[in-house]
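Undergrad: Sending over a structure as structure tokens; questions will come in a sec.
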Amino acid sequence: MISGSLNKLRAAASEGNANAQYSLGSLYLNGEGVPTNYAKALFWLQKSANQNNKDAQFLLGVMYNNGEGVPQDYAQAVYWYRKAADQGNADAQLNLGRMYDNGRGVPQDAVIAYALYNISATTIPSDKLAAEIRENQSAQPTLHQIAEGQALIRRMLSEGILKAIDAT
């Protein structure tokens, strides 16, 4: 990254711009234009996530899920994925579905996983990954669970993802 652009990004991030904080954190996380630095990534992503930036919340979930620069902590991953998923981040919806599918950080629940995979697949219709994962869920839902999942999807769309999940 050109140092002038990086300096402008750092200045905007330091002034509290959530998008700049997210961008800077993402650069440090992925080592794009700067050396990979998990501590700096965590610092900037947390600042952005605390301002409700759904993409920063998603990346924090990834960091905790994978143990990148932080101890692996599925409960923390779920915490951040939930926040991002509720704001419409399709990747967070997909990853949260995986957490429910595999019982990581939450009790295993095929119905919630099925619903989240479907929501993710419809958030980005061209992304076939969520639909493929849904078809290969580790805990294949029964016909009754699919019906429950479809009802849950309707509640998620009308009430919000977190409210619908928390009511189950």
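Convention: chains lettered A, B, ... in structure tokens order; per-chain residue numbering from 1; ligands numbered from 1 as shown.
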For Ile153 in chain A, find every residue with an atom within 7 Å (counting only C-alpha atoms), except residues of its own chain fewer than 4 positions away, and show them as a list in words.
TA: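 Those residues are Ala115, Ile119, Gly149 and Leu157 of chain A.
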Undergrad: For Ala13 in chain A, work out the shell of residues within 9 Å, counting only C-alpha atoms and skipping chain neighbours fewer than 4 positions away, then give it as a list in words.
TA: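 Near neighbours after the sequence-gap exclusion: Lys8, Leu9, Asn17, Ala18, Asn19, Ala20, Gln21, Tyr22, Ser23, Leu24, Trp44, Lys47 and Ser48 of chain A.
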Undergrad: Kindly provide the residues of range 22-65 of chain A that approach range 71-86 of chain A to within 9 Å, each paired with its closest atom pair and their distance in Å to one decimal, based on only C-alpha atoms, listed by chain and increasing number, as a tab-separated table.
TA:
residue	atom	partner	partner_atom	distance
A:Ala49	CA	A:Trp80	CA	8.5
A:Asn52	CA	A:Lys83	CA	8.0
A:Asn53	CA	A:Ala84	CA	7.8
A:Lys54	CA	A:Ala84	CA	4.4
A:Asp55	CA	A:Ala84	CA	6.8
A:Ala56	CA	A:Ala84	CA	8.1
A:Gln57	CA	A:Trp80	CA	5.2
A:Phe58	CA	A:Tyr81	CA	5.5
A:Leu59	CA	A:Trp80	CA	8.3
A:Leu60	CA	A:Trp80	CA	6.3
A:Gly61	CA	A:Ala77	CA	4.0
A:Val62	CA	A:Ala77	CA	6.5
A:Met63	CA	A:Ala77	CA	7.5
A:Tyr64	CA	A:Ala77	CA	5.0
A:Asn65	CA	A:Ala77	CA	5.1
Undergrad: Which of these, A:Leu96, A:Ala41, A:Leu27, A:Ala11, has the shortest distance to Leu162 in chain A once you count only C-alpha atoms?
TA: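 Of A:Leu96, A:Ala41, A:Leu27, A:Ala11, the one nearest Leu162 in chain A, counting only C-alpha atoms, is A:Leu96.
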Undergrad: Just the residues within 9 Å of Arg155 in chain A, please, counting only C-alpha atoms, with nothing from its chain fewer than 6 positions along; format it as a PyMOL selection string.
TA: chain A and resi 161+163-165
Undergrad: Any chance you can output those residues with N, CA, C and O atoms as a compact mmCIF listing (two decimals), in the first residue's frame?
TA:
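Here's the written file out.txt:
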# COMPACT_ATOMS: atom_id res chain seq x y z
N ILE A 161 -32.77 -11.73 12.88
CA ILE A 161 -32.14 -13.03 13.10
C ILE A 161 -31.99 -13.34 14.59
O ILE A 161 -32.39 -14.40 15.05
N LYS A 163 -33.41 -12.06 17.31
CA LYS A 163 -34.67 -12.16 18.04
C LYS A 163 -35.32 -13.51 17.74
O LYS A 163 -35.83 -14.18 18.65
N ALA A 164 -35.28 -13.93 16.50
CA ALA A 164 -35.90 -15.21 16.13
C ALA A 164 -35.13 -16.39 16.74
O ALA A 164 -35.74 -17.32 17.27
N ILE A 165 -33.80 -16.34 16.71
CA ILE A 165 -33.01 -17.43 17.28
C ILE A 165 -33.22 -17.48 18.79
O ILE A 165 -33.42 -18.56 19.37
Undergrad: Which residues come within 6 Å of Ala113 in chain A, counting only C-alpha atoms, excluding same-chain residues fewer than 2 positions away, as JSON, numbers by chain?
TA: {"A": [97, 100, 101, 110, 111, 115, 116]}
Undergrad: Keeping all heavy atoms, export the residues of the selection given above as a PDB file, in the first residue's frame.
TA:
ATOM      1  N   GLY A  97     -24.271 -20.357  11.017  1.00  0.00           N
ATOM      2  CA  GLY A  97     -24.932 -21.621  10.697  1.00  0.00           C
ATOM      3  C   GLY A  97     -24.001 -22.801  10.924  1.00  0.00           C
ATOM      4  O   GLY A  97     -24.400 -23.829  11.477  1.00  0.00           O
ATOM      5  N   TYR A 100     -23.774 -23.596  14.643  1.00  0.00           N
ATOM      6  CA  TYR A 100     -24.929 -24.366  15.103  1.00  0.00           C
ATOM      7  C   TYR A 100     -24.898 -25.786  14.530  1.00  0.00           C
ATOM      8  O   TYR A 100     -25.279 -26.744  15.207  1.00  0.00           O
ATOM      9  CB  TYR A 100     -26.239 -23.677  14.736  1.00  0.00           C
ATOM     10  CG  TYR A 100     -26.630 -22.600  15.707  1.00  0.00           C
ATOM     11  CD1 TYR A 100     -26.399 -21.260  15.448  1.00  0.00           C
ATOM     12  CD2 TYR A 100     -27.221 -22.930  16.923  1.00  0.00           C
ATOM     13  CE1 TYR A 100     -26.749 -20.281  16.353  1.00  0.00           C
ATOM     14  CE2 TYR A 100     -27.580 -21.957  17.839  1.00  0.00           C
ATOM     15  CZ  TYR A 100     -27.339 -20.635  17.551  1.00  0.00           C
ATOM     16  OH  TYR A 100     -27.685 -19.664  18.457  1.00  0.00           O
ATOM     17  N   ASP A 101     -24.467 -25.915  13.301  1.00  0.00           N
ATOM     18  CA  ASP A 101     -24.404 -27.226  12.655  1.00  0.00           C
ATOM     19  C   ASP A 101     -23.450 -28.160  13.407  1.00  0.00           C
ATOM     20  O   ASP A 101     -23.727 -29.343  13.572  1.00  0.00           O
ATOM     21  CB  ASP A 101     -23.940 -27.045  11.205  1.00  0.00           C
ATOM     22  CG  ASP A 101     -24.192 -28.251  10.319  1.00  0.00           C
ATOM     23  OD1 ASP A 101     -24.896 -29.192  10.729  1.00  0.00           O
ATOM     24  OD2 ASP A 101     -23.675 -28.238   9.189  1.00  0.00           O
ATOM     25  N   ALA A 110     -29.822 -28.377  14.235  1.00  0.00           N
ATOM     26  CA  ALA A 110     -29.970 -28.519  12.787  1.00  0.00           C
ATOM     27  C   ALA A 110     -30.973 -27.531  12.215  1.00  0.00           C
ATOM     28  O   ALA A 110     -30.815 -27.065  11.078  1.00  0.00           O
ATOM     29  CB  ALA A 110     -30.379 -29.949  12.438  1.00  0.00           C
ATOM     30  N   VAL A 111     -31.992 -27.180  12.971  1.00  0.00           N
ATOM     31  CA  VAL A 111     -33.030 -26.263  12.483  1.00  0.00           C
ATOM     32  C   VAL A 111     -32.455 -24.859  12.312  1.00  0.00           C
ATOM     33  O   VAL A 111     -32.633 -24.223  11.268  1.00  0.00           O
ATOM     34  CB  VAL A 111     -34.251 -26.256  13.432  1.00  0.00           C
ATOM     35  CG1 VAL A 111     -35.249 -25.183  13.025  1.00  0.00           C
ATOM     36  CG2 VAL A 111     -34.918 -27.629  13.436  1.00  0.00           C
ATOM     37  N   ALA A 115     -31.803 -22.825   8.795  1.00  0.00           N
ATOM     38  CA  ALA A 115     -32.374 -21.496   8.557  1.00  0.00           C
ATOM     39  C   ALA A 115     -31.280 -20.486   8.201  1.00  0.00           C
ATOM     40  O   ALA A 115     -31.437 -19.698   7.259  1.00  0.00           O
ATOM     41  CB  ALA A 115     -33.155 -21.035   9.790  1.00  0.00           C
ATOM     42  N   LEU A 116     -30.179 -20.520   8.933  1.00  0.00           N
ATOM     43  CA  LEU A 116     -29.092 -19.576   8.659  1.00  0.00           C
ATOM     44  C   LEU A 116     -28.450 -19.824   7.299  1.00  0.00           C
ATOM     45  O   LEU A 116     -28.110 -18.876   6.587  1.00  0.00           O
ATOM     46  CB  LEU A 116     -28.049 -19.628   9.771  1.00  0.00           C
ATOM     47  CG  LEU A 116     -28.483 -18.964  11.069  1.00  0.00           C
ATOM     48  CD1 LEU A 116     -27.583 -19.381  12.229  1.00  0.00           C
ATOM     49  CD2 LEU A 116     -28.513 -17.446  10.926  1.00  0.00           C
TER      50      LEU A 116
END
Undergrad: Please run DSSP on the backbone and report, as a PyMOL selection string, all residues within chain A that come out as helix (DSSP H, G or I).
TA: chain A and resi 3-14+18-30+38-49+54-66+74-86+90-102+110-123+129-135+143-159+161-166
